[in-house]
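input39.cif (mmCIF, C-alpha atoms and all ligand atoms) appears below.
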data_upload
#
loop_
_atom_site.label_atom_id
_atom_site.label_comp_id
_atom_site.auth_asym_id
_atom_site.auth_seq_id
_atom_site.Cartn_x
_atom_site.Cartn_y
_atom_site.Cartn_z
CA MET T 3 156.59 4.99 103.18
CA ARG T 4 153.98 7.35 101.96
CA ASN T 5 156.14 10.29 101.02
CA SER T 6 158.92 9.10 98.72
CA ARG T 7 157.39 8.71 95.33
CA ALA T 8 160.04 8.87 92.65
CA ALA T 9 157.63 7.76 89.96
CA THR T 10 155.49 10.80 90.54
CA THR T 11 158.22 13.42 90.20
CA VAL T 12 157.37 14.40 86.67
CA ALA T 13 153.64 14.54 87.33
CA ALA T 14 154.35 16.65 90.40
CA ALA T 15 156.43 19.08 88.36
CA LEU T 16 153.63 19.36 85.85
CA LEU T 17 151.16 20.01 88.62
CA LEU T 18 153.28 22.74 90.11
CA ALA T 19 152.81 24.53 86.84
CA SER T 20 149.18 23.56 86.46
CA VAL T 21 148.04 25.02 89.74
CA GLY T 22 150.06 28.17 89.37
CA LEU T 23 152.70 27.31 91.95
CA THR T 24 155.55 27.76 89.52
CA THR T 25 155.95 29.72 86.34
CA GLY T 26 155.61 26.80 83.97
CA THR T 27 156.98 27.29 80.48
CA SER T 28 155.14 26.09 77.42
CA ALA T 29 158.01 23.67 76.73
CA GLN T 30 157.49 22.13 80.14
CA ALA T 31 153.77 22.05 79.61
CA ASN T 32 154.12 20.06 76.40
CA THR T 33 156.50 17.44 77.72
CA PRO T 34 154.78 14.12 78.34
CA ALA T 35 155.22 12.70 81.81
CA SER T 36 157.19 9.49 82.12
CA GLY T 37 157.13 6.95 84.90
CA GLN T 38 154.38 4.71 86.05
CA GLY T 39 150.76 5.41 86.75
CA PRO T 40 148.57 4.47 89.67
CA VAL T 41 148.03 0.79 90.43
CA GLU T 42 144.89 -0.90 91.71
CA TYR T 43 145.42 -3.87 94.05
CA ARG T 44 142.97 -6.57 95.01
CA VAL T 45 143.44 -7.11 98.74
CA HIS T 46 142.16 -10.52 99.75
CA ASP T 47 139.95 -11.06 102.82
CA ALA T 48 140.41 -7.44 103.87
CA LEU T 49 136.84 -6.37 104.60
CA ALA T 50 137.08 -7.00 108.33
CA ARG T 51 140.13 -4.72 108.46
CA ALA T 52 138.79 -1.97 106.20
CA GLN T 53 139.01 0.62 108.99
CA THR T 54 142.69 -0.30 109.46
CA LEU T 55 143.43 0.32 105.80
CA ASP T 56 141.55 3.62 105.91
CA ALA T 57 143.31 4.65 109.11
CA VAL T 58 146.77 4.30 107.55
CA GLY T 59 145.68 6.46 104.65
CA LEU T 60 145.23 3.79 102.01
CA ASP T 61 142.79 4.53 99.25
CA ILE T 62 139.95 1.97 99.26
CA VAL T 63 137.91 2.23 96.08
CA LYS T 64 135.56 -0.75 96.05
CA ARG T 65 134.73 -4.19 97.40
CA GLN T 66 133.90 -7.63 96.03
CA GLY T 67 132.78 -10.03 98.73
CA ASP T 68 135.40 -9.88 101.45
CA ASP T 69 138.08 -8.49 99.13
CA LEU T 70 138.82 -4.78 98.94
CA PHE T 71 140.43 -2.87 96.10
CA VAL T 72 143.01 -0.23 96.93
CA VAL T 73 144.58 2.26 94.54
CA GLY T 74 148.16 3.29 95.14
CA ASP T 75 151.45 3.11 93.32
CA GLU T 76 154.22 0.57 92.78
CA THR T 77 155.19 0.67 96.46
CA THR T 78 151.69 0.11 97.83
CA GLY T 79 151.76 -3.65 97.28
CA ALA T 80 154.77 -4.01 99.58
CA GLU T 81 153.09 -1.78 102.13
CA LEU T 82 150.00 -4.01 102.08
CA SER T 83 152.18 -7.12 102.43
CA GLN T 84 153.85 -5.61 105.48
CA LEU T 85 150.41 -5.11 106.97
CA GLY T 86 149.83 -8.84 106.46
CA PHE T 87 147.56 -8.78 103.43
CA ARG T 88 147.67 -11.02 100.37
CA THR T 89 147.38 -8.83 97.28
CA GLU T 90 147.58 -8.90 93.52
CA VAL T 91 147.61 -6.14 90.92
CA SER T 92 144.11 -5.84 89.43
CA LYS T 93 144.48 -2.76 87.24
CA ARG T 94 147.17 -0.40 86.04
CA TYR T 95 146.30 3.16 85.12
CA PRO T 96 148.50 4.84 82.54
CA ALA T 97 150.91 7.48 83.76
CA ALA T 98 149.53 10.96 83.43
CA THR T 99 150.75 12.83 80.40
CA TRP T 100 150.61 16.49 79.63
CA ALA T 101 148.02 17.18 76.99
CA SER T 102 145.79 20.15 77.57
CA PRO T 103 142.13 19.80 76.70
CA ARG T 104 141.27 20.57 73.13
CA LEU T 105 138.58 22.61 71.55
CA ALA T 106 138.07 21.81 67.91
CA PRO T 107 138.11 24.79 65.51
CA GLY T 108 134.64 26.30 65.32
CA ALA T 109 133.29 24.31 68.26
CA ALA T 110 131.27 25.93 71.02
CA PRO T 111 133.06 26.54 74.35
CA GLN T 112 130.89 23.92 76.01
CA ASP T 113 132.51 21.32 73.73
CA GLU T 114 136.02 21.58 75.20
CA THR T 115 136.85 18.04 76.30
CA TYR T 116 139.55 15.65 77.50
CA ASP T 117 139.96 11.87 77.68
CA GLY T 118 137.59 11.02 74.86
CA GLY T 119 134.78 13.46 75.54
CA TYR T 120 134.75 14.47 79.21
CA HIS T 121 133.97 18.16 79.59
CA THR T 122 136.44 20.55 81.19
CA VAL T 123 135.45 22.91 83.99
CA ASN T 124 135.21 25.76 81.50
CA ALA T 125 133.01 23.62 79.26
CA HIS T 126 130.71 22.79 82.17
CA TYR T 127 130.36 26.45 83.01
CA ALA T 128 129.80 27.41 79.38
CA ASN T 129 127.11 24.75 79.23
CA LEU T 130 125.32 26.24 82.23
CA THR T 131 125.41 29.67 80.63
CA ALA T 132 124.21 28.27 77.31
CA ALA T 133 121.32 26.45 78.99
CA ALA T 134 120.18 29.59 80.79
CA THR T 135 120.59 31.74 77.67
CA ALA T 136 118.64 29.36 75.46
CA HIS T 137 115.96 28.66 78.10
CA PRO T 138 115.45 31.79 80.21
CA ASP T 139 112.03 30.46 81.23
CA LEU T 140 113.66 27.36 82.72
CA ALA T 141 117.20 27.93 83.94
CA THR T 142 119.07 30.32 86.24
CA VAL T 143 122.83 30.12 86.91
CA VAL T 144 123.93 30.94 90.45
CA ASP T 145 127.48 31.75 91.57
CA TYR T 146 127.66 30.45 95.13
CA GLY T 147 131.29 30.98 96.10
CA GLN T 148 134.93 30.68 95.10
CA SER T 149 137.40 27.81 94.99
CA TRP T 150 140.51 27.82 97.15
CA LEU T 151 142.81 28.95 94.33
CA LYS T 152 140.41 31.74 93.38
CA GLN T 153 140.32 32.95 96.97
CA GLN T 154 144.12 32.97 96.92
CA GLY T 155 144.18 35.07 93.75
CA ARG T 156 146.01 32.27 91.92
CA GLY T 157 143.58 31.38 89.16
CA GLY T 158 140.87 29.00 90.30
CA TYR T 159 137.16 29.19 89.67
CA ASP T 160 133.86 30.51 90.85
CA LEU T 161 131.59 27.81 92.26
CA LYS T 162 128.48 27.44 90.13
CA ALA T 163 125.05 25.90 90.38
CA ILE T 164 122.10 25.95 88.04
CA CYS T 165 118.44 26.03 89.06
CA ILE T 166 116.09 24.43 86.54
CA THR T 167 112.31 24.69 86.80
CA LYS T 168 109.38 26.12 84.85
CA LYS T 169 109.94 29.51 86.40
CA VAL T 170 107.25 31.54 88.06
CA SER T 171 107.83 34.63 90.15
CA GLY T 172 110.04 33.90 93.15
CA ASP T 173 111.49 30.62 91.85
CA CYS T 174 115.22 29.88 92.04
CA ALA T 175 115.83 32.34 94.88
CA LEU T 176 118.50 31.59 97.50
CA ASN T 177 115.83 31.32 100.16
CA PRO T 178 114.44 28.18 101.79
CA ASN T 179 110.85 29.46 101.64
CA SER T 180 110.49 28.43 98.00
CA THR T 181 107.10 27.59 96.56
CA LYS T 182 108.41 24.37 95.01
CA PRO T 183 110.38 21.66 96.80
CA ARG T 184 113.96 21.13 95.67
CA PHE T 185 116.22 18.33 94.49
CA LEU T 186 119.97 19.02 94.43
CA LEU T 187 122.38 16.92 92.34
CA GLN T 188 126.12 17.39 92.99
CA ALA T 189 129.14 15.84 91.30
CA GLN T 190 132.93 15.75 91.24
CA ILE T 191 133.63 16.63 94.86
CA HIS T 192 136.37 14.06 94.20
CA ALA T 193 137.95 15.44 91.08
CA ARG T 194 139.19 12.20 89.52
CA GLU T 195 135.70 10.62 89.54
CA ILE T 196 135.14 12.04 86.09
CA ALA T 197 131.99 10.18 85.03
CA THR T 198 130.07 11.88 87.84
CA GLY T 199 130.42 15.40 86.45
CA GLU T 200 129.49 14.14 83.02
CA LEU T 201 126.20 12.72 84.31
CA ALA T 202 125.43 16.11 85.85
CA TYR T 203 126.24 17.76 82.51
CA LYS T 204 123.84 15.42 80.73
CA TYR T 205 121.10 15.91 83.32
CA VAL T 206 121.14 19.70 82.86
CA ASN T 207 120.73 19.31 79.11
CA TYR T 208 118.13 16.55 79.45
CA LEU T 209 115.99 18.81 81.63
CA VAL T 210 116.17 22.01 79.59
CA SER T 211 115.69 20.22 76.28
CA GLY T 212 112.93 17.91 77.54
CA TYR T 213 110.53 20.47 78.92
CA GLY T 214 107.35 20.51 76.86
CA THR T 215 108.16 17.31 74.97
CA ASP T 216 109.04 14.75 77.64
CA SER T 217 106.14 14.31 80.08
CA THR T 218 108.38 13.19 82.96
CA VAL T 219 110.59 16.27 82.62
CA THR T 220 107.61 18.56 82.10
CA ASN T 221 105.84 17.32 85.21
CA LEU T 222 109.01 17.57 87.29
CA LEU T 223 109.85 21.09 86.22
CA ASN T 224 106.26 22.26 86.76
CA THR T 225 106.37 21.12 90.37
CA THR T 226 110.00 21.04 91.48
CA GLU T 227 113.16 23.14 91.44
CA ILE T 228 116.06 20.97 90.31
CA TRP T 229 119.47 22.33 91.26
CA VAL T 230 122.69 20.94 89.81
CA VAL T 231 126.26 21.61 90.96
CA PRO T 232 128.16 19.78 88.23
CA ILE T 233 131.63 20.39 89.71
CA VAL T 234 131.91 20.81 93.48
CA ASN T 235 135.74 20.88 93.33
CA PRO T 236 136.80 22.72 90.15
CA ASP T 237 140.41 23.33 91.23
CA GLY T 238 140.83 19.56 91.56
CA VAL T 239 139.16 18.92 88.21
CA ASN T 240 141.52 21.41 86.58
CA ILE T 241 144.42 19.21 87.71
CA VAL T 242 142.68 16.07 86.42
CA GLN T 243 141.80 17.46 82.99
CA ARG T 244 145.38 18.59 82.38
CA GLY T 245 146.27 14.94 81.94
CA GLY T 246 144.35 14.97 78.67
CA ASN T 247 143.85 11.39 77.53
CA ASN T 248 145.55 10.09 80.68
CA PRO T 249 143.91 12.18 83.38
CA VAL T 250 145.81 12.94 86.58
CA LEU T 251 143.99 10.95 89.25
CA HIS T 252 143.80 13.83 91.70
CA ARG T 253 141.07 13.34 94.33
CA LYS T 254 141.36 16.33 96.65
CA ASN T 255 141.24 20.09 96.22
CA ALA T 256 144.20 22.36 95.42
CA ASP T 257 144.72 23.69 98.94
CA PHE T 258 148.44 22.95 99.11
CA THR T 259 151.80 24.61 98.84
CA SER T 260 154.63 23.75 96.47
CA ALA T 261 156.41 22.18 99.47
CA ASP T 262 153.41 19.92 100.09
CA LEU T 263 153.44 18.87 96.46
CA SER T 264 157.18 18.19 96.44
CA ARG T 265 156.79 16.05 99.53
CA CYS T 266 153.63 14.17 98.55
CA GLY T 267 153.96 13.94 94.78
CA ASP T 268 150.63 13.36 93.09
CA SER T 269 149.70 9.71 92.82
CA ALA T 270 146.79 7.68 94.04
CA GLY T 271 149.05 6.60 96.90
CA SER T 272 150.20 10.02 98.03
CA GLN T 273 148.75 13.39 97.16
CA PRO T 274 148.57 16.96 98.46
CA GLY T 275 145.36 18.88 99.16
CA VAL T 276 142.35 18.45 101.43
CA ASP T 277 139.63 15.86 100.90
CA ASN T 278 136.49 17.96 100.67
CA ASN T 279 134.40 14.90 101.51
CA ARG T 280 136.12 14.54 104.89
CA ASN T 281 135.97 18.25 105.75
CA PHE T 282 132.25 18.78 106.52
CA GLY T 283 131.67 19.67 110.15
CA TYR T 284 129.29 17.07 111.54
CA HIS T 285 130.88 14.21 113.52
CA TRP T 286 134.09 15.35 111.85
CA GLN T 287 137.37 13.52 112.48
CA SER T 288 140.79 15.09 112.25
CA ASN T 289 143.34 13.72 109.78
CA THR T 290 146.19 16.17 109.30
CA SER T 291 148.47 13.79 107.34
CA LYS T 292 148.89 16.02 104.34
CA CYS T 293 149.72 13.31 101.81
CA ASP T 294 146.82 11.00 102.69
CA GLN T 295 143.92 10.76 100.29
CA THR T 296 141.64 11.51 103.22
CA THR T 297 143.34 14.58 104.73
CA SER T 298 140.39 16.19 106.47
CA THR T 299 141.58 19.73 107.18
CA SER T 300 144.12 22.41 106.33
CA ASN T 301 144.00 24.17 109.71
CA GLY T 302 143.13 21.54 112.30
CA SER T 303 139.40 22.21 112.17
CA ALA T 304 136.35 21.10 110.22
CA ASP T 305 134.99 23.27 107.42
CA SER T 306 138.43 24.68 106.64
CA GLU T 307 137.89 24.62 102.88
CA PRO T 308 136.09 27.31 100.88
CA GLU T 309 134.38 24.68 98.71
CA ASN T 310 132.84 23.16 101.86
CA LYS T 311 131.81 26.41 103.48
CA ALA T 312 130.18 27.60 100.25
CA LEU T 313 128.29 24.35 99.76
CA GLU T 314 127.05 24.35 103.36
CA GLN T 315 125.78 27.89 102.88
CA LEU T 316 124.05 26.87 99.64
CA TRP T 317 122.37 23.92 101.37
CA SER T 318 121.18 26.19 104.15
CA GLN T 319 119.83 28.72 101.66
CA LEU T 320 118.04 26.08 99.60
CA PHE T 321 116.68 23.84 102.34
CA GLY T 322 116.73 25.78 105.62
CA ASP T 323 117.32 24.02 108.92
CA HIS T 324 114.73 21.42 109.90
CA ARG T 325 116.56 19.33 112.43
CA ALA T 326 118.24 19.69 115.83
CA ASP T 327 121.77 18.28 115.70
CA GLY T 328 121.60 15.24 117.99
CA ALA T 329 122.02 11.77 116.51
CA SER T 330 118.42 10.80 117.30
CA ASP T 331 116.61 14.08 116.52
CA LYS T 332 113.98 13.72 113.81
CA PRO T 333 113.58 16.26 111.01
CA ASP T 334 110.56 18.46 111.69
CA ALA T 335 107.28 17.99 109.86
CA SER T 336 108.02 20.76 107.36
CA ALA T 337 111.35 19.25 106.20
CA ARG T 338 111.39 18.64 102.48
CA GLY T 339 113.84 18.36 99.62
CA THR T 340 116.33 15.69 98.56
CA ALA T 341 120.01 15.74 97.63
CA LEU T 342 122.47 13.39 95.94
CA MET T 343 126.27 13.49 95.79
CA LEU T 344 127.86 11.40 93.02
CA HIS T 345 131.09 9.45 93.44
CA SER T 346 132.81 6.47 91.87
CA TYR T 347 133.70 3.57 91.71
CA ALA T 348 132.31 1.25 94.37
CA GLY T 349 128.86 0.68 92.83
CA ILE T 350 126.87 1.42 96.01
CA ILE T 351 124.08 3.63 97.35
CA ILE T 352 125.00 5.17 100.71
CA LEU T 353 122.66 6.70 103.27
CA PRO T 354 123.43 8.47 106.57
CA TRP T 355 125.03 7.96 109.00
CA GLU T 356 128.34 7.52 107.26
CA TYR T 357 130.52 8.19 110.34
CA SER T 358 129.30 4.99 112.03
CA ASN T 359 127.04 2.15 111.00
CA THR T 360 126.40 1.12 114.58
CA VAL T 361 124.21 4.24 114.89
CA HIS T 362 121.12 4.63 112.70
CA THR T 363 119.36 7.90 111.92
CA PRO T 364 115.79 8.43 113.13
CA SER T 365 114.92 8.49 109.40
CA ASP T 366 116.51 5.09 108.79
CA THR T 367 113.28 3.43 107.64
CA GLN T 368 112.61 6.14 105.06
CA PHE T 369 116.24 6.24 103.90
CA ARG T 370 116.34 2.49 103.39
CA ALA T 371 113.04 2.58 101.51
CA MET T 372 114.47 5.20 99.16
CA GLY T 373 117.73 3.26 98.91
CA LYS T 374 115.79 0.16 97.91
CA ALA T 375 113.84 2.08 95.29
CA MET T 376 117.06 3.46 93.78
CA SER T 377 118.68 0.04 93.90
CA ALA T 378 115.95 -1.22 91.59
CA PHE T 379 117.27 1.07 88.84
CA SER T 380 121.01 0.43 89.11
CA GLY T 381 121.28 -2.87 90.92
CA TYR T 382 123.70 -1.23 93.36
CA PRO T 383 123.33 -2.38 96.98
CA TYR T 384 122.29 0.23 99.53
CA GLY T 385 123.09 0.87 103.17
CA GLN T 386 125.20 2.94 105.52
CA ALA T 387 128.82 3.37 104.44
CA GLY T 388 130.09 0.98 107.10
CA ASP T 389 127.59 -1.67 105.98
CA LEU T 390 128.96 -1.62 102.45
CA LEU T 391 132.60 -0.48 102.55
CA TYR T 392 133.93 1.39 105.61
CA ASN T 393 132.84 4.16 107.98
CA ALA T 394 133.89 7.63 106.86
CA ALA T 395 133.41 10.82 108.86
CA GLY T 396 133.15 14.38 107.58
CA GLY T 397 131.13 13.52 104.47
CA SER T 398 128.45 15.55 102.76
CA ASP T 399 125.41 13.49 103.72
CA ASP T 400 126.10 13.49 107.44
CA TYR T 401 126.32 17.28 107.44
CA ALA T 402 123.32 17.81 105.14
CA TYR T 403 121.10 15.50 107.17
CA GLY T 404 122.73 15.98 110.57
CA LYS T 405 122.85 19.77 110.61
CA LEU T 406 119.91 20.62 108.37
CA GLY T 407 117.63 17.59 108.02
CA ILE T 408 118.06 17.18 104.24
CA ALA T 409 117.34 13.69 102.86
CA SER T 410 120.83 13.34 101.41
CA PHE T 411 122.40 10.34 99.64
CA THR T 412 125.66 9.32 98.01
CA ILE T 413 125.89 7.04 95.00
CA GLU T 414 129.15 5.55 93.79
CA LEU T 415 129.03 4.60 90.11
CA GLU T 416 130.53 1.41 88.82
CA GLY T 417 130.36 -0.43 85.53
CA PRO T 418 131.83 -3.55 83.94
CA GLY T 419 134.98 -3.79 81.85
CA ALA T 420 136.01 -0.46 80.34
CA CYS T 421 133.32 1.24 82.45
CA ASP T 422 135.15 0.35 85.68
CA GLY T 423 137.55 2.68 87.45
CA PHE T 424 138.07 6.43 87.79
CA THR T 425 138.31 7.02 84.05
CA PRO T 426 135.72 4.86 82.28
CA SER T 427 135.63 4.97 78.49
CA TYR T 428 133.61 8.01 77.58
CA SER T 429 130.98 5.89 75.84
CA CYS T 430 130.14 4.32 79.24
CA VAL T 431 128.51 7.55 80.34
CA ASN T 432 125.79 7.18 77.73
CA SER T 433 125.65 3.42 77.34
CA THR T 434 126.00 2.21 80.92
CA PHE T 435 125.49 4.89 83.55
CA TRP T 436 122.96 7.31 82.09
CA PRO T 437 120.00 4.94 81.52
CA TYR T 438 119.70 4.00 85.18
CA MET T 439 121.07 7.17 86.73
CA VAL T 440 118.54 9.43 85.01
CA LYS T 441 115.81 7.29 86.54
CA THR T 442 117.56 7.62 89.90
CA PHE T 443 117.78 11.42 89.61
CA ASN T 444 114.13 11.72 88.59
CA TYR T 445 113.08 9.42 91.40
CA LEU T 446 114.87 11.51 94.04
CA ALA T 447 113.41 14.67 92.50
CA SER T 448 109.94 13.09 92.80
CA LYS T 449 110.60 12.51 96.51
CA ALA T 450 111.44 16.18 97.15
CA PRO T 451 107.93 17.19 98.35
CA SER T 452 107.89 14.74 101.26
CA PRO T 453 110.94 12.51 101.64
CA TYR T 454 110.04 11.47 105.18
CA ASN T 455 106.47 10.32 104.54
ZN ZN I 501 134.58 9.87 95.83
#
Structure encoded using structure tokens:
Amino acid sequence: MRNSRAATTVAAALLLASVGLTTGTSAQANTPASGQGPVEYRVHDALARAQTLDAVGLDIVKRQGDDLFVVGDETTGAELSQLGFRTEVSKRYPAATWASPRLAPGAAPQDETYDGGYHTVNAHYANLTAAATAHPDLATVVDYGQSWLKQQGRGGYDLKAICITKKVSGDCALNPNSTKPRFLLQAQIHAREIATGELAYKYVNYLVSGYGTDSTVTNLLNTTEIWVVPIVNPDGVNIVQRGGNNPVLHRKNADFTSADLSRCGDSAGSQPGVDNNRNFGYHWQSNTSKCDQTTSTSNGSADSEPENKALEQLWSQLFGDHRADGASDKPDASARGTALMLHSYAGIIILPWEYSNTVHTPSDTQFRAMGKAMSAFSGYPYGQAGDLLYNAAGGSDDYAYGKLGIASFTIELEGPGACDGFTPSYSCVNSTFWPYMVKTFNYLASKAPSPYN
């Protein structure tokens, strides 16, 4: 059921070219895709069986009461019916078309956009460089690894972070013995969650432009190192942005062969690649079904993906290791620093453990207090993943807290109307998400000195 996706054939052919797996011609690259786009279904009274839906590889994106919303394609509704669920179509995404991102004549490289204003990977990276060039006293760009395609010598990207602080000697070093505590913001580990990267883009510019004029920013940068990884999964984002005004809703990375792509297609119901947010090696669970949205490995083991290994190394370099690895071990008294991974579109604040909500961390009281504080900004509910949606193993927070003792959170964005979904109207970034998310970022940065007190 999950592998025959006629509607995705054209998108798959385009993707073969886009990720360098075929020699795509320019004629091919300019041909719009036909066929139908991903479909969101409302699945009634499904909450109690959320783990069942996840286990068969269905793509749960949010919840309202006891109803879950699943994104798939035209065949997914029948699949849900066979599983005994009552469903209705709640949203249709347009089919992906082929329209490369545009840079207006005379515009700066950081202004290359798609889908109404979203910045491309190259634009993100140009923005980091521009911030550091314009503000050498505040910003340092760090190359912390390579994407899967880059490691394969097939295009791809370096993995980039930026450190922003009012620099004094020794700041922004890849060394956990920093003078200042650190807050790390990360976005677009799931490529299609495009508003997340945009918030990271805005936060970088808010910080470097606000120092000396905005007292909140000035105080933060005098006392804290703020690190931003705007695009955790750039190979995936490259696939997404090639849809132009109808982005390809690719979630995973680009660790796949042309045979995988031919077999899986590329729809929200069936897709090649590895889910980077199921690949982290703490309470990891194997899912080797290559077309699932939650494929957790490429080689049968955790931490198989270069994006994951590089991020784990960065976390270790920035925060050190302040916790033994057992489920009930407390972080030591010198543990400090906070981290946030952005997702969409469930509208929730998630704290560890995410692999199981029947087990609580020894920092549960502090995590829930911080969750409650963040909830006051956005109105999003907070809790462990299984409290709010479903349990999910191999995610970033469980590794960051479980292996290293970092106070690490996930927030899924969600907005009303045109701000809902994977591809909200670009204006939603400024009008809906930014006002409460900037408060959330600054709050977590303010907790960096002592998150567990
Ligand atoms: Zn996500």
Rank T:Tyr284, T:Tyr95, T:Phe424, T:Phe321 by their smallest atom-to-atom distance to ligand ZN 501 (chain I), using all atoms listed in the file, and report the top residue only.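 Ranking T:Tyr284, T:Tyr95, T:Phe424, T:Phe321 by distance to ligand ZN 501 (chain I), first place goes to T:Phe424.
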Report as CSV: every residue of range 190-266 of chain T with an atom at most 7 Å from range 120-131 of chain T, its closest pair of atoms, and their distance in Å to one decimal, counting all atoms listed in the file, with rows sorted by chain and ascending residue number.
residue,atom,partner,partner_atom,distance
T:Glu200,CA,T:Tyr120,CA,6.5
T:Tyr203,CA,T:His126,CA,6.7
T:Pro236,CA,T:Val123,CA,6.3
T:Val239,CA,T:Val123,CA,6.9
T:Asn240,CA,T:Val123,CA,6.8
T:Gln243,CA,T:Thr122,CA,6.4
Using all atoms listed in the file, I'd like a table of the residues in chain T that come within 9 Å of ligand ZN 501 (chain I); for each, show the closest atom pair and its distance in Å rounded to one decimal, ordered by chain and ascending number, as a tab-separated table.
residue	atom	partner	partner_atom	distance
T:Val63	CA	I:ZN501	ZN	8.3
T:Gln190	CA	I:ZN501	ZN	7.6
T:Ile191	CA	I:ZN501	ZN	6.9
T:His192	CA	I:ZN501	ZN	4.8
T:Ala193	CA	I:ZN501	ZN	8.1
T:Arg194	CA	I:ZN501	ZN	8.2
T:Glu195	CA	I:ZN501	ZN	6.4
T:Arg253	CA	I:ZN501	ZN	7.5
T:Asn279	CA	I:ZN501	ZN	7.6
T:Leu344	CA	I:ZN501	ZN	7.4
T:His345	CA	I:ZN501	ZN	4.3
T:Ser346	CA	I:ZN501	ZN	5.5
T:Tyr347	CA	I:ZN501	ZN	7.6
T:Glu414	CA	I:ZN501	ZN	7.2
Would you compute the box with edges along x, y and z of the file around range 403-421 of chain T, including every atom the file lists for it and 3 Å extra on each side, and give its centre and edge lengths in Å to one decimal, as AutoDock Vina command-line options?
--center_x 126.7 --center_y 8.4 --center_z 95.5 --size_x 24.7 --size_y 30.4 --size_z 36.3
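The residue set within 7 Å of range 287-298 of chain T, counting all atoms listed in the file and dropping same-chain residues fewer than 2 places from it, reads Gly59, Asp61, Cys266, Ser272, Gln273, Pro274, Gly275, Val276, Asp277, Arg280, Asn281, His285, Gly302, Ala395 and Gly396 of chain T.
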The selected residues should be written to file as a PDB file, in the frame of the given file (atoms: C-alpha atoms).
ATOM      1  CA  GLY T  59     145.680   6.460 104.650  1.00  0.00           C
ATOM      2  CA  ASP T  61     142.790   4.530  99.250  1.00  0.00           C
ATOM      3  CA  CYS T 266     153.630  14.170  98.550  1.00  0.00           C
ATOM      4  CA  SER T 272     150.200  10.020  98.030  1.00  0.00           C
ATOM      5  CA  GLN T 273     148.750  13.390  97.160  1.00  0.00           C
ATOM      6  CA  PRO T 274     148.570  16.960  98.460  1.00  0.00           C
ATOM      7  CA  GLY T 275     145.360  18.880  99.160  1.00  0.00           C
ATOM      8  CA  VAL T 276     142.350  18.450 101.430  1.00  0.00           C
ATOM      9  CA  ASP T 277     139.630  15.860 100.900  1.00  0.00           C
ATOM     10  CA  ARG T 280     136.120  14.540 104.890  1.00  0.00           C
ATOM     11  CA  ASN T 281     135.970  18.250 105.750  1.00  0.00           C
ATOM     12  CA  HIS T 285     130.880  14.210 113.520  1.00  0.00           C
ATOM     13  CA  GLY T 302     143.130  21.540 112.300  1.00  0.00           C
ATOM     14  CA  ALA T 395     133.410  10.820 108.860  1.00  0.00           C
ATOM     15  CA  GLY T 396     133.150  14.380 107.580  1.00  0.00           C
TER      16      GLY T 396
END
* To do: Select, from T:Leu391, T:Leu187, T:Ala163, T:Val361, the residue with the minimum atom-to-atom distance to Tyr445 in chain T, counting only C-alpha atoms.
  =>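 Smallest distance to Tyr445 in chain T is found for T:Leu187.
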Counting only C-alpha atoms, closest pick from T:Leu353, T:Ala256, T:Met439, T:Leu176 relative to Leu390 in chain T is T:Leu353
- Quick one: distance from CA of Gly373 in chain T to CA of Trp286 in chain T in Å, one decimal?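 Computed distance, CA of Gly373 in chain T to CA of Trp286 in chain T, equals 24.1 Å.
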With 10 Å as the threshold, what does the neighbourhood of (110.2, 13.7, 99.4) contain in terms of residues, counting all atoms listed in the file? Coordinates are those of the file; answer as a list in words.
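Output of the proximity query reads Pro183, Arg184, Phe185, Ala337, Arg338, Gly339, Thr340, Gln368, Met372, Ile408, Ala409, Tyr445, Leu446, Ala447, Ser448, Lys449, Ala450, Pro451, Ser452, Pro453, Tyr454 and Asn455 of chain T.
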As a check of understanding: the span from CA of Ala402 in chain T to CA of Val219 in chain T is 25.9 Å
Neighbours of Glu416 in chain T within 12 Å (all atoms listed in the file; same-chain residues fewer than 5 positions away dropped), as a ChimeraX atom specification?
/T:63-65,195-198,344-351,380-383,421-426,430-431,434-436,438-439
Could you tell me which of T:Asp400, T:Leu85, T:Asp389, T:Thr78 comes closest to Ala48 in chain T if we count all atoms listed in the file?
->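 Answer, going by the shortest atom-to-atom distance: T:Leu85.
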